[in-house]
$ cat input-v2.txt   # compact mmCIF, C-alpha atoms
# COMPACT_ATOMS: atom_id res chain seq x y z
CA MET L 1042 11.27 -53.75 -24.73
CA ILE L 1043 14.22 -56.09 -24.67
CA ARG L 1044 14.87 -58.55 -21.88
CA VAL L 1045 18.28 -60.03 -21.11
CA ASN L 1046 17.95 -63.30 -19.17
CA HIS L 1047 21.24 -63.43 -17.28
CA TYR L 1048 20.30 -66.01 -14.66
CA GLY L 1049 21.56 -69.36 -13.48
CA PRO L 1050 24.36 -70.59 -15.71
CA ASP L 1051 23.89 -67.45 -17.84
CA ALA L 1052 24.91 -65.05 -15.07
CA THR L 1053 28.42 -64.83 -16.46
CA ARG L 1054 30.71 -62.32 -18.06
CA GLY L 1055 30.79 -64.40 -21.24
CA VAL L 1056 27.04 -64.31 -21.63
CA VAL L 1057 26.86 -60.56 -21.08
CA HIS L 1058 29.62 -60.06 -23.66
CA ALA L 1059 27.76 -62.28 -26.12
CA CYS L 1060 24.62 -60.28 -25.52
CA LEU L 1061 26.56 -57.08 -26.16
CA ALA L 1062 27.93 -58.40 -29.42
CA ALA L 1063 24.54 -59.63 -30.63
CA LEU L 1064 22.64 -56.53 -29.62
CA GLY L 1065 25.31 -54.17 -30.91
CA ALA L 1066 25.38 -55.92 -34.26
CA ALA L 1067 21.59 -55.86 -34.55
CA MET L 1068 21.45 -52.16 -33.70
CA GLY L 1069 24.21 -51.40 -36.19
CA GLU L 1070 22.37 -53.35 -38.83
CA ALA L 1071 19.28 -51.26 -38.06
CA GLY L 1072 21.27 -48.15 -38.91
CA LEU L 1073 21.97 -47.01 -35.36
CA THR L 1074 25.36 -45.70 -34.31
CA VAL L 1075 26.64 -47.75 -31.41
CA ASP L 1076 29.84 -47.59 -29.39
CA LEU L 1077 30.82 -51.23 -29.02
CA GLU L 1078 34.20 -50.43 -27.51
CA ALA L 1079 32.70 -48.25 -24.77
CA ALA L 1080 30.13 -50.96 -24.02
CA ARG L 1081 32.84 -53.60 -23.86
CA ARG L 1082 34.81 -51.45 -21.42
CA ALA L 1083 31.69 -50.91 -19.30
CA VAL L 1084 31.08 -54.63 -19.03
CA THR L 1085 34.70 -55.32 -18.14
CA GLN L 1086 34.63 -52.56 -15.53
CA ALA L 1087 31.45 -53.93 -13.94
CA TRP L 1088 33.05 -57.35 -13.63
CA ARG L 1089 36.05 -56.16 -11.65
CA MET B 323 17.67 -99.07 -25.56
CA THR B 324 18.68 -97.35 -22.32
CA HIS B 325 18.42 -93.67 -21.59
CA PRO B 326 19.54 -91.78 -18.42
CA PHE B 327 16.08 -90.23 -18.02
CA LEU B 328 14.24 -93.53 -18.21
CA ASP B 329 13.79 -96.63 -16.06
CA LEU B 330 14.61 -94.74 -12.87
CA ALA B 331 14.36 -96.49 -9.53
CA PRO B 332 11.47 -95.21 -7.39
CA LEU B 333 12.34 -92.22 -5.21
CA SER B 334 12.00 -93.23 -1.57
CA ALA B 335 10.38 -91.03 1.07
CA GLN B 336 13.73 -90.84 2.81
CA HIS B 337 15.45 -89.60 -0.33
CA PHE B 338 12.61 -87.14 -0.98
CA ALA B 339 12.95 -85.78 2.56
CA ALA B 340 16.71 -85.40 2.14
CA ILE B 341 16.26 -83.38 -1.06
CA GLU B 342 13.58 -81.30 0.66
CA ALA B 343 15.90 -80.50 3.55
CA ARG B 344 18.70 -79.42 1.21
CA ALA B 345 16.37 -77.27 -0.88
CA ALA B 346 15.10 -75.65 2.34
CA GLY B 347 18.63 -74.37 2.81
CA MET B 348 17.97 -71.90 0.00
CA LEU B 349 15.42 -70.21 2.27
CA ALA B 350 17.45 -70.00 5.49
CA THR B 351 14.28 -70.70 7.44
CA GLU B 352 13.20 -72.50 10.59
CA GLN B 353 9.69 -72.84 9.19
CA ASP B 354 8.29 -75.98 7.60
CA VAL B 355 9.31 -76.32 3.96
CA VAL B 356 7.28 -78.46 1.57
CA ILE B 357 8.32 -79.42 -1.93
CA MET B 358 5.34 -79.38 -4.25
CA GLN B 359 5.16 -81.54 -7.35
CA GLY B 360 4.56 -78.88 -9.97
CA GLU B 361 5.69 -75.49 -11.22
CA ALA B 362 5.60 -72.68 -8.64
CA LEU B 363 2.12 -71.64 -9.69
CA LEU B 364 0.96 -74.77 -7.83
CA PRO B 365 2.06 -73.67 -4.34
CA LEU B 366 1.20 -70.04 -5.12
CA GLU B 367 -2.38 -70.98 -5.92
CA GLY B 368 -2.38 -73.42 -3.01
CA CYS B 369 -1.29 -70.63 -0.63
CA ILE B 370 -3.98 -68.24 -1.82
CA ARG B 371 -6.77 -70.80 -1.88
CA GLY B 372 -5.64 -72.03 1.53
CA ALA B 373 -5.51 -68.62 3.15
CA ALA B 374 -8.29 -66.61 1.48
CA ARG B 375 -12.05 -66.88 1.92
CA PRO B 376 -15.06 -64.58 2.10
CA GLY B 377 -14.23 -62.07 4.82
CA THR B 378 -10.57 -61.88 3.88
CA THR B 379 -9.34 -58.44 2.89
CA ALA B 380 -6.26 -58.88 0.73
CA LEU B 381 -3.71 -56.29 -0.26
CA ASN B 382 -2.45 -57.49 -3.62
CA VAL B 383 0.66 -55.64 -4.73
CA ILE B 384 1.00 -55.50 -8.50
CA THR B 385 4.46 -54.74 -9.82
CA GLY B 386 4.27 -57.08 -12.81
CA PRO B 387 2.05 -59.64 -14.51
CA TYR B 388 1.93 -62.15 -11.64
CA GLY B 389 0.20 -59.74 -9.28
CA GLN B 390 -2.73 -59.69 -11.66
CA THR B 391 -2.99 -63.49 -11.52
CA PHE B 392 -2.91 -63.48 -7.71
CA GLY B 393 -5.70 -60.89 -7.61
CA ASN B 394 -7.91 -63.10 -9.76
CA TRP B 395 -7.38 -66.10 -7.47
CA LEU B 396 -8.10 -64.00 -4.39
CA ARG B 397 -11.36 -62.70 -5.86
CA ASP B 398 -12.28 -66.24 -6.85
CA CYS B 399 -11.95 -67.22 -3.19
CA GLY B 400 -14.40 -64.50 -2.22
CA ALA B 401 -11.83 -62.14 -0.73
CA THR B 402 -12.13 -58.38 -0.92
CA VAL B 403 -9.09 -57.36 -2.89
CA VAL B 404 -7.26 -54.06 -2.58
CA ASP B 405 -4.98 -53.80 -5.58
CA LEU B 406 -1.89 -51.67 -5.11
CA ALA B 407 -0.41 -51.28 -8.59
CA VAL B 408 2.75 -49.35 -9.39
CA PRO B 409 4.39 -48.74 -12.78
CA PHE B 410 6.26 -51.86 -13.77
CA HIS B 411 9.53 -49.96 -14.19
CA THR B 412 9.56 -49.14 -10.46
CA ALA B 413 9.30 -50.91 -7.12
CA VAL B 414 6.54 -50.58 -4.56
CA THR B 415 7.65 -48.75 -1.41
CA ALA B 416 7.00 -49.61 2.21
CA GLU B 417 5.32 -46.22 2.52
CA GLN B 418 2.82 -47.11 -0.20
CA VAL B 419 2.03 -50.33 1.65
CA ARG B 420 1.67 -48.41 4.92
CA GLN B 421 -0.73 -46.02 3.19
CA ALA B 422 -2.81 -48.92 1.90
CA PHE B 423 -3.16 -50.26 5.46
CA ALA B 424 -4.19 -46.80 6.64
CA GLU B 425 -6.89 -46.59 3.97
CA HIS B 426 -8.05 -50.20 4.44
CA PRO B 427 -7.52 -51.19 8.09
CA GLY B 428 -9.20 -54.55 7.52
CA ILE B 429 -6.35 -55.90 5.40
CA ASP B 430 -5.35 -59.29 6.82
CA PHE B 431 -3.48 -60.83 3.88
CA VAL B 432 -0.73 -59.41 1.65
CA SER B 433 0.57 -60.91 -1.59
CA LEU B 434 3.75 -59.64 -3.19
CA VAL B 435 6.18 -60.74 -5.89
CA HIS B 436 9.78 -60.23 -4.76
CA ALA B 437 11.49 -59.93 -8.16
CA GLU B 438 9.75 -59.77 -11.51
CA ALA B 439 11.71 -61.58 -14.20
CA ALA B 440 9.27 -60.34 -16.84
CA THR B 441 9.70 -56.67 -16.10
CA GLY B 442 13.11 -56.68 -14.40
CA ASN B 443 12.16 -54.97 -11.14
CA THR B 444 12.58 -56.06 -7.52
CA ASN B 445 10.79 -54.97 -4.37
CA PRO B 446 12.16 -54.07 -0.89
CA VAL B 447 10.67 -57.02 0.96
CA ALA B 448 12.46 -56.41 4.26
CA GLU B 449 10.95 -52.92 4.61
CA ILE B 450 7.53 -54.04 3.42
CA GLY B 451 7.62 -56.99 5.80
CA GLU B 452 8.05 -54.62 8.76
CA VAL B 453 4.89 -52.78 7.80
CA VAL B 454 2.94 -56.01 7.27
CA ARG B 455 4.10 -57.31 10.65
CA GLU B 456 3.01 -54.10 12.39
CA HIS B 457 -0.51 -54.76 11.15
CA GLY B 458 -0.55 -58.49 11.83
CA ALA B 459 -1.50 -59.53 8.29
CA LEU B 460 -0.46 -62.84 6.75
CA PHE B 461 2.34 -62.24 4.23
CA MET B 462 2.77 -64.33 1.04
CA LEU B 463 5.83 -63.82 -1.13
CA ASP B 464 6.53 -65.13 -4.64
CA ALA B 465 10.30 -65.47 -4.61
CA VAL B 466 10.71 -67.61 -7.72
CA ALA B 467 12.77 -65.03 -9.56
CA SER B 468 14.75 -63.85 -6.55
CA VAL B 469 15.90 -67.06 -4.87
CA GLY B 470 19.58 -67.53 -5.58
CA ALA B 471 19.85 -64.14 -7.27
CA GLU B 472 19.46 -61.84 -4.28
CA PRO B 473 19.09 -62.12 -0.49
CA LEU B 474 15.93 -63.95 0.58
CA LEU B 475 15.25 -64.14 4.33
CA PRO B 476 11.64 -65.11 4.97
CA ASP B 477 12.06 -65.53 8.75
CA ALA B 478 13.82 -62.22 9.28
CA TRP B 479 11.36 -60.43 7.00
CA GLY B 480 8.22 -61.92 8.55
CA VAL B 481 7.14 -63.83 5.45
CA ASP B 482 4.52 -66.46 6.33
CA LEU B 483 4.33 -68.17 2.95
CA CYS B 484 7.39 -68.02 0.72
CA VAL B 485 7.28 -69.78 -2.64
CA ILE B 486 10.38 -70.62 -4.66
CA GLY B 487 11.08 -72.42 -7.92
CA ALA B 488 14.40 -73.68 -9.22
CA GLN B 489 14.15 -72.63 -12.84
CA LYS B 490 15.68 -69.15 -12.58
CA ALA B 491 18.83 -68.30 -10.63
CA MET B 492 19.10 -71.82 -9.23
CA GLY B 493 19.46 -73.17 -12.75
CA GLY B 494 17.28 -76.16 -11.94
CA PRO B 495 14.05 -77.80 -13.04
CA ALA B 496 10.74 -75.96 -13.43
CA GLY B 497 8.61 -79.00 -12.61
CA VAL B 498 8.94 -78.88 -8.82
CA SER B 499 8.77 -75.98 -6.37
CA ALA B 500 8.86 -75.31 -2.64
CA VAL B 501 7.03 -73.25 -0.06
CA SER B 502 7.94 -72.32 3.49
CA VAL B 503 4.98 -72.06 5.85
CA SER B 504 4.99 -70.30 9.23
CA GLU B 505 3.18 -71.75 12.22
CA ARG B 506 0.57 -69.02 12.15
CA ALA B 507 0.03 -69.62 8.42
CA TRP B 508 -0.65 -73.29 9.17
CA GLN B 509 -3.16 -72.27 11.84
CA HIS B 510 -4.79 -69.76 9.50
CA ILE B 511 -5.15 -72.30 6.70
CA ALA B 512 -6.38 -75.06 9.02
CA ALA B 513 -9.08 -72.69 10.28
CA ASN B 514 -10.27 -71.96 6.76
CA PRO B 515 -13.13 -74.33 5.89
CA GLN B 516 -12.65 -73.36 2.26
CA ALA B 517 -8.95 -74.35 2.15
CA PRO B 518 -8.28 -77.20 -0.30
CA ARG B 519 -8.23 -80.63 1.33
CA ARG B 520 -7.64 -83.97 -0.36
CA SER B 521 -6.60 -81.95 -3.36
CA TYR B 522 -3.44 -81.45 -5.43
CA LEU B 523 -3.63 -77.77 -4.37
CA SER B 524 -3.72 -78.64 -0.69
CA LEU B 525 -0.90 -77.53 1.58
CA LEU B 526 -2.79 -79.05 4.51
CA ASP B 527 -2.51 -82.53 3.00
CA TRP B 528 1.28 -82.20 3.06
CA LYS B 529 1.18 -80.87 6.61
CA GLU B 530 -1.05 -83.60 8.00
CA ARG B 531 0.11 -86.60 6.03
CA TRP B 532 3.76 -85.81 5.31
CA ILE B 533 5.18 -83.41 7.91
CA ASP B 534 3.12 -84.48 10.92
CA GLY B 535 3.63 -88.09 9.92
CA GLY B 536 7.38 -87.67 10.30
CA ARG B 537 8.04 -87.54 6.56
CA LYS B 538 7.74 -91.30 6.32
CA ALA B 539 5.15 -91.73 3.57
CA LEU B 540 4.66 -89.63 0.46
CA LEU B 541 1.19 -88.54 -0.63
CA HIS B 542 1.68 -89.90 -4.12
CA ALA B 543 4.42 -90.97 -6.49
CA PRO B 544 6.86 -88.08 -6.72
CA ALA B 545 8.14 -86.50 -9.93
CA GLN B 546 11.39 -88.39 -9.58
CA LEU B 547 13.19 -86.91 -12.58
CA GLU B 548 12.50 -83.36 -11.41
CA MET B 549 13.42 -84.25 -7.83
CA LEU B 550 16.75 -85.69 -8.93
CA ALA B 551 17.38 -82.58 -11.03
CA LEU B 552 16.57 -80.42 -8.01
CA GLU B 553 19.01 -82.41 -5.92
CA ALA B 554 21.73 -81.94 -8.53
CA CYS B 555 21.00 -78.24 -8.80
CA VAL B 556 21.15 -77.71 -5.03
CA GLU B 557 24.37 -79.68 -4.88
CA ARG B 558 25.87 -77.39 -7.52
CA ILE B 559 24.80 -74.32 -5.55
CA GLU B 560 26.26 -75.75 -2.34
CA THR B 561 29.53 -76.24 -4.19
CA GLU B 562 29.59 -72.72 -5.62
CA GLY B 563 28.18 -71.10 -2.48
CA LEU B 564 24.96 -69.11 -2.27
CA ASP B 565 26.81 -65.82 -1.74
CA ALA B 566 28.93 -66.42 -4.84
CA LEU B 567 25.81 -67.26 -6.86
CA MET B 568 24.10 -64.06 -5.77
CA ALA B 569 27.22 -62.00 -6.44
CA ARG B 570 27.38 -63.44 -9.97
CA HIS B 571 23.80 -62.32 -10.62
CA ALA B 572 24.34 -58.86 -9.16
CA THR B 573 27.39 -58.36 -11.36
CA ALA B 574 25.64 -59.63 -14.48
CA ALA B 575 22.81 -57.17 -13.88
CA ALA B 576 25.15 -54.25 -13.22
CA ALA B 577 27.21 -55.12 -16.30
CA THR B 578 24.12 -55.34 -18.51
CA ARG B 579 22.84 -51.96 -17.33
CA ALA B 580 26.27 -50.42 -17.94
CA LEU B 581 26.43 -52.09 -21.35
CA ALA B 582 23.12 -50.60 -22.41
CA LEU B 583 24.05 -47.07 -21.43
CA ALA B 584 27.52 -47.27 -22.98
CA LEU B 585 26.28 -48.78 -26.24
CA GLY B 586 24.40 -45.57 -26.91
CA ALA B 587 21.83 -44.81 -29.61
CA GLY B 588 19.18 -44.33 -26.93
CA LEU B 589 19.23 -47.86 -25.52
CA GLU B 590 18.57 -47.64 -21.77
CA PRO B 591 17.42 -49.70 -18.81
CA TYR B 592 13.64 -50.07 -18.52
CA VAL B 593 13.94 -49.90 -14.71
CA TYR B 594 15.51 -46.49 -14.21
CA GLU B 595 16.77 -46.86 -10.65
CA ALA B 596 19.48 -49.49 -10.15
CA ARG B 597 18.16 -50.21 -6.65
CA ASP B 598 14.82 -51.29 -8.19
CA ALA B 599 16.46 -53.53 -10.82
CA ALA B 600 16.27 -57.29 -10.32
CA PRO B 601 19.56 -59.22 -10.48
CA VAL B 602 17.83 -62.07 -12.33
CA ALA B 603 17.12 -60.29 -15.65
CA THR B 604 17.56 -56.85 -17.15
CA THR B 605 14.92 -55.16 -19.26
CA LEU B 606 15.90 -52.47 -21.75
CA ARG B 607 14.03 -49.76 -23.62
CA ALA B 608 14.69 -49.97 -27.33
CA PRO B 609 15.87 -46.76 -29.00
CA SER B 610 12.98 -44.60 -30.17
CA GLY B 611 11.95 -45.31 -33.73
CA THR B 612 13.09 -48.92 -33.54
CA ASP B 613 11.08 -52.07 -33.06
CA ALA B 614 12.34 -54.14 -30.13
CA SER B 615 10.99 -57.33 -31.68
CA GLU B 616 12.93 -56.75 -34.89
CA LEU B 617 16.12 -55.91 -33.02
CA VAL B 618 15.78 -59.00 -30.89
CA ALA B 619 14.95 -61.21 -33.84
CA LYS B 620 18.23 -60.17 -35.43
CA ALA B 621 20.18 -60.59 -32.22
CA LEU B 622 18.52 -63.85 -31.17
CA ALA B 623 20.22 -65.87 -33.82
CA ALA B 624 23.49 -65.12 -32.08
CA ASP B 625 22.31 -64.84 -28.47
CA PRO B 626 19.40 -66.86 -27.08
CA VAL B 627 19.33 -65.06 -23.70
CA LEU B 628 17.52 -62.11 -25.28
CA SER B 629 13.78 -61.81 -25.56
CA ALA B 630 11.38 -59.06 -26.55
CA TRP B 631 8.00 -58.07 -25.27
CA SER B 632 5.41 -55.44 -25.86
CA PRO B 633 3.45 -54.11 -22.88
CA GLY B 634 1.22 -52.11 -25.19
CA ALA B 635 0.05 -55.28 -26.87
CA GLY B 636 -0.64 -56.89 -23.50
CA ARG B 637 1.77 -59.72 -24.17
CA TRP B 638 3.99 -60.44 -21.22
CA PRO B 639 6.73 -62.97 -21.17
CA ARG B 640 6.22 -65.62 -18.55
CA ARG B 641 9.04 -66.78 -16.39

$ encode --input "input-v2.txt" --output "C-alpha cells"
Amino acid sequence: MIRVNHYGPDATRGVVHACLAALGAAMGEAGLTVDLEAARRAVTQAWR
Amino acid sequence: MTHPFLDLAPLSAQHFAAIEARAAGMLATEQDVVIMQGEALLPLEGCIRGAARPGTTALNVITGPYGQTFGNWLRDCGATVVDLAVPFHTAVTAEQVRQAFAEHPGIDFVSLVHAEAATGNTNPVAEIGEVVREHGALFMLDAVASVGAEPLLPDAWGVDLCVIGAQKAMGGPAGVSAVSVSERAWQHIAANPQAPRRSYLSLLDWKERWIDGGRKALLHAPAQLEMLALEACVERIETEGLDALMARHATAAAATRALALALGAGLEPYVYEARDAAPVATTLRAPSGTDASELVAKALAADPVLSAWSPGAGRWPRR
C-alpha cells in the first residue's frame, strides 16, 4: 500500500503534482506503463 | 548563543487559557475544552481510563489500528468490550452500530476514530452519534486526523469526549492535544472510583483544579514551546479560515484519487468509495506484481509526502 500524506501545509495542488511526478517516475522505472498526461489533467480538473 | 526555541519566558496561566480558548474554536463546542500536555494518546487514554471500569460494556469500533489500542485500554480497565471491526478500506455504518446495540443492550460506552490517517478512511460520525444518543451511551471520538480536514461538530453529533491533536490538518505541534468534555461525561468520570486522580492521565485534575478554579493556576509547568506553536498554528488557521482549510483538504484528496486512477497500470485507491475516503490522507493499492515499498522508496527521494505500509506484515504507520 502507498499512503499520500496531503495534510496541513501539504494539502496543496503543488504537493499533489509533485506526488504525481514522483510516483509516475517510480512506476515507469519499474517497467509499468503510466499515463502522466492524463493524471496531470485529472489533478488539474479536481482543483477547479 | 541565543536560539528562538530557548530561554523562553514562562507561559502564564492567562496566556495558557487564551490559547486554550482559541484552540477550542476548532471544535465549535459549548463544552469544556482542556489542553493536555502530551500527544493525543494522553487524553485518549485519560478518557478511557476515566470512563471505563468493571461493569462498563464498551462498543469499540475498529476501522484502523487505533481501535485496537482503545480495546486494550478498555479491557485493562475491566470493561466488557464488544469489538465491531470492519475492513479497513471501508467505513462503519450507523446500521452496524445499531445492530451492535441490539445484540448487546448493555453497551454504555462507545469509542470511535473519526478519520484514520493510517488507512485513509473516515466514518459517518453524525449518523453514528444519533444511534449512540438513542441508547444513552457515552460517546468518545478520536478526531486527531479529522480536525481541520473535514467537518467536526461534537455538540451537534452528541460526542461526549472529543480528542484532537494539531499535528495533522492543523499543521501544528504533536506535543500538545485537546479534549472537549460534556457535562454528563464529567459526571460519569467523577462517579468512577477507578478514574485517574492526581495523575498525569487525569481529566478530573484539570476539571477540579484548572476549570473549576477559574483557570487561574496551572497544574504544572506547561510545555511552553508546544503551546506557543499551537497558538501560532491556530492563528494561521484563523487567518486562512476553517472552511478554506477543509476545502483544501477535500480537494487534495479528490485530486489524489483522480491522479491514481488516471495514472493507470492498476494503481487505485485503497478505499474504494469516495464517501469513505478521509480528506487527510489517501491510501493507494500498488499495481499487482509490484512492491509498494520499492515503488515508494524510489519516489520518496523526490516526494517526502509518500509512505508505504504492509498490512500483511502487521506494520501500520502511526499518525

$ residues_around --input "input-v2.txt" --residues "His1058 in chain L" --least-positions-apart "4" --cutoff "8 Å" --atoms "all atoms listed in the file" --output "list in words"
Arg1054, Ala1062, Arg1081 and Val1084 of chain L

$ closest_atom_pairs --input "input-v2.txt" --of "chain L" --to "chain B" --cutoff "7 Å" --atoms "all atoms listed in the file" --output "JSON lines"
{"residue": "L:Met1042", "atom": "CA", "partner": "B:Arg607", "partner_atom": "CA", "distance": 5.0}
{"residue": "L:Ile1043", "atom": "CA", "partner": "B:Ala630", "partner_atom": "CA", "distance": 4.5}
{"residue": "L:Arg1044", "atom": "CA", "partner": "B:Thr605", "partner_atom": "CA", "distance": 4.3}
{"residue": "L:Val1045", "atom": "CA", "partner": "B:Leu628", "partner_atom": "CA", "distance": 4.7}
{"residue": "L:Asn1046", "atom": "CA", "partner": "B:Ala603", "partner_atom": "CA", "distance": 4.7}
{"residue": "L:His1047", "atom": "CA", "partner": "B:Ala603", "partner_atom": "CA", "distance": 5.4}
{"residue": "L:Tyr1048", "atom": "CA", "partner": "B:Ala491", "partner_atom": "CA", "distance": 4.9}
{"residue": "L:Gly1049", "atom": "CA", "partner": "B:Ala491", "partner_atom": "CA", "distance": 4.1}
{"residue": "L:Pro1050", "atom": "CA", "partner": "B:Gly493", "partner_atom": "CA", "distance": 6.3}
{"residue": "L:Ala1052", "atom": "CA", "partner": "B:His571", "partner_atom": "CA", "distance": 5.3}
{"residue": "L:Thr1053", "atom": "CA", "partner": "B:Ala574", "partner_atom": "CA", "distance": 6.2}
{"residue": "L:Arg1054", "atom": "CA", "partner": "B:Ala574", "partner_atom": "CA", "distance": 6.8}
{"residue": "L:Val1057", "atom": "CA", "partner": "B:Thr578", "partner_atom": "CA", "distance": 6.4}
{"residue": "L:Ala1059", "atom": "CA", "partner": "B:Asp625", "partner_atom": "CA", "distance": 6.5}
{"residue": "L:Cys1060", "atom": "CA", "partner": "B:Asp625", "partner_atom": "CA", "distance": 5.9}
{"residue": "L:Leu1061", "atom": "CA", "partner": "B:Leu581", "partner_atom": "CA", "distance": 6.9}
{"residue": "L:Ala1063", "atom": "CA", "partner": "B:Ala621", "partner_atom": "CA", "distance": 4.7}
{"residue": "L:Leu1064", "atom": "CA", "partner": "B:Ala621", "partner_atom": "CA", "distance": 5.4}
{"residue": "L:Ala1067", "atom": "CA", "partner": "B:Ala621", "partner_atom": "CA", "distance": 5.5}
{"residue": "L:Met1068", "atom": "CA", "partner": "B:Leu617", "partner_atom": "CA", "distance": 6.6}
{"residue": "L:Leu1073", "atom": "CA", "partner": "B:Ala587", "partner_atom": "CA", "distance": 6.2}
{"residue": "L:Thr1074", "atom": "CA", "partner": "B:Ala587", "partner_atom": "CA", "distance": 5.9}
{"residue": "L:Val1075", "atom": "CA", "partner": "B:Leu585", "partner_atom": "CA", "distance": 5.3}
{"residue": "L:Asp1076", "atom": "CA", "partner": "B:Leu585", "partner_atom": "CA", "distance": 4.9}
{"residue": "L:Leu1077", "atom": "CA", "partner": "B:Leu585", "partner_atom": "CA", "distance": 5.9}
{"residue": "L:Ala1079", "atom": "CA", "partner": "B:Ala584", "partner_atom": "CA", "distance": 5.6}
{"residue": "L:Ala1080", "atom": "CA", "partner": "B:Ala584", "partner_atom": "CA", "distance": 4.6}
{"residue": "L:Ala1083", "atom": "CA", "partner": "B:Ala580", "partner_atom": "CA", "distance": 5.6}
{"residue": "L:Val1084", "atom": "CA", "partner": "B:Ala577", "partner_atom": "CA", "distance": 4.8}
{"residue": "L:Ala1087", "atom": "CA", "partner": "B:Ala577", "partner_atom": "CA", "distance": 5.0}
{"residue": "L:Trp1088", "atom": "CA", "partner": "B:Thr573", "partner_atom": "CA", "distance": 6.2}

$ atom_distance --input "input-v2.txt" --atom1 "CA of Thr378 in chain B" --atom2 "CA of Ala401 in chain B"
4.8 Å

$ closest_residue --input "input-v2.txt" --among "B:Gln516, B:Gln390, B:Asn382, B:Gln546" --to "Ile429 in chain B" --atoms "all atoms listed in the file"
B:Asn382

$ atom_distance --input "input-v2.txt" --atom1 "CA of Gly377 in chain B" --atom2 "CA of Ser502 in chain B"
24.5 Å

$ residues_around --input "input-v2.txt" --residues "Tyr522 in chain B" --least-positions-apart "6" --cutoff "9 Å" --atoms "only C-alpha atoms" --output "number ranges by chain"
B: 359, 364, 368

$ build_atoms --input "input-v2.txt" --residues "range 566-577 of chain B" --atoms "N, CA, C and O atoms" --output "mmCIF file, keeping the file's coordinate frame"
data_model
loop_
_atom_site.group_PDB
_atom_site.id
_atom_site.type_symbol
_atom_site.label_atom_id
_atom_site.label_comp_id
_atom_site.auth_asym_id
_atom_site.auth_seq_id
_atom_site.Cartn_x
_atom_site.Cartn_y
_atom_site.Cartn_z
ATOM 1 N N ALA B 566 28.256 -66.562 -3.542
ATOM 2 C CA ALA B 566 28.930 -66.420 -4.840
ATOM 3 C C ALA B 566 27.903 -66.396 -5.966
ATOM 4 O O ALA B 566 28.030 -65.639 -6.938
ATOM 5 N N LEU B 567 26.873 -67.221 -5.842
ATOM 6 C CA LEU B 567 25.810 -67.260 -6.860
ATOM 7 C C LEU B 567 25.109 -65.905 -6.937
ATOM 8 O O LEU B 567 24.875 -65.363 -8.030
ATOM 9 N N MET B 568 24.784 -65.349 -5.781
ATOM 10 C CA MET B 568 24.100 -64.060 -5.770
ATOM 11 C C MET B 568 25.015 -62.950 -6.308
ATOM 12 O O MET B 568 24.563 -62.060 -7.037
ATOM 13 N N ALA B 569 26.273 -63.022 -5.960
ATOM 14 C CA ALA B 569 27.220 -62.000 -6.440
ATOM 15 C C ALA B 569 27.326 -62.056 -7.971
ATOM 16 O O ALA B 569 27.411 -61.019 -8.642
ATOM 17 N N ARG B 570 27.300 -63.273 -8.510
ATOM 18 C CA ARG B 570 27.380 -63.440 -9.970
ATOM 19 C C ARG B 570 26.166 -62.770 -10.642
ATOM 20 O O ARG B 570 26.291 -62.113 -11.678
ATOM 21 N N HIS B 571 25.004 -62.941 -10.054
ATOM 22 C CA HIS B 571 23.800 -62.320 -10.620
ATOM 23 C C HIS B 571 23.840 -60.803 -10.502
ATOM 24 O O HIS B 571 23.460 -60.085 -11.442
ATOM 25 N N ALA B 572 24.281 -60.318 -9.355
ATOM 26 C CA ALA B 572 24.340 -58.860 -9.160
ATOM 27 C C ALA B 572 25.299 -58.235 -10.178
ATOM 28 O O ALA B 572 25.009 -57.175 -10.766
ATOM 29 N N THR B 573 26.408 -58.906 -10.414
ATOM 30 C CA THR B 573 27.390 -58.360 -11.360
ATOM 31 C C THR B 573 26.871 -58.425 -12.778
ATOM 32 O O THR B 573 27.061 -57.478 -13.561
ATOM 33 N N ALA B 574 26.203 -59.511 -13.123
ATOM 34 C CA ALA B 574 25.640 -59.630 -14.480
ATOM 35 C C ALA B 574 24.624 -58.523 -14.735
ATOM 36 O O ALA B 574 24.572 -57.936 -15.826
ATOM 37 N N ALA B 575 23.823 -58.220 -13.718
ATOM 38 C CA ALA B 575 22.810 -57.170 -13.880
ATOM 39 C C ALA B 575 23.474 -55.801 -14.014
ATOM 40 O O ALA B 575 23.108 -54.994 -14.891
ATOM 41 N N ALA B 576 24.453 -55.547 -13.156
ATOM 42 C CA ALA B 576 25.150 -54.250 -13.220
ATOM 43 C C ALA B 576 25.857 -54.094 -14.558
ATOM 44 O O ALA B 576 25.840 -53.013 -15.174
ATOM 45 N N ALA B 577 26.483 -55.166 -15.025
ATOM 46 C CA ALA B 577 27.210 -55.120 -16.300
ATOM 47 C C ALA B 577 26.248 -54.875 -17.460
ATOM 48 O O ALA B 577 26.553 -54.125 -18.394
#
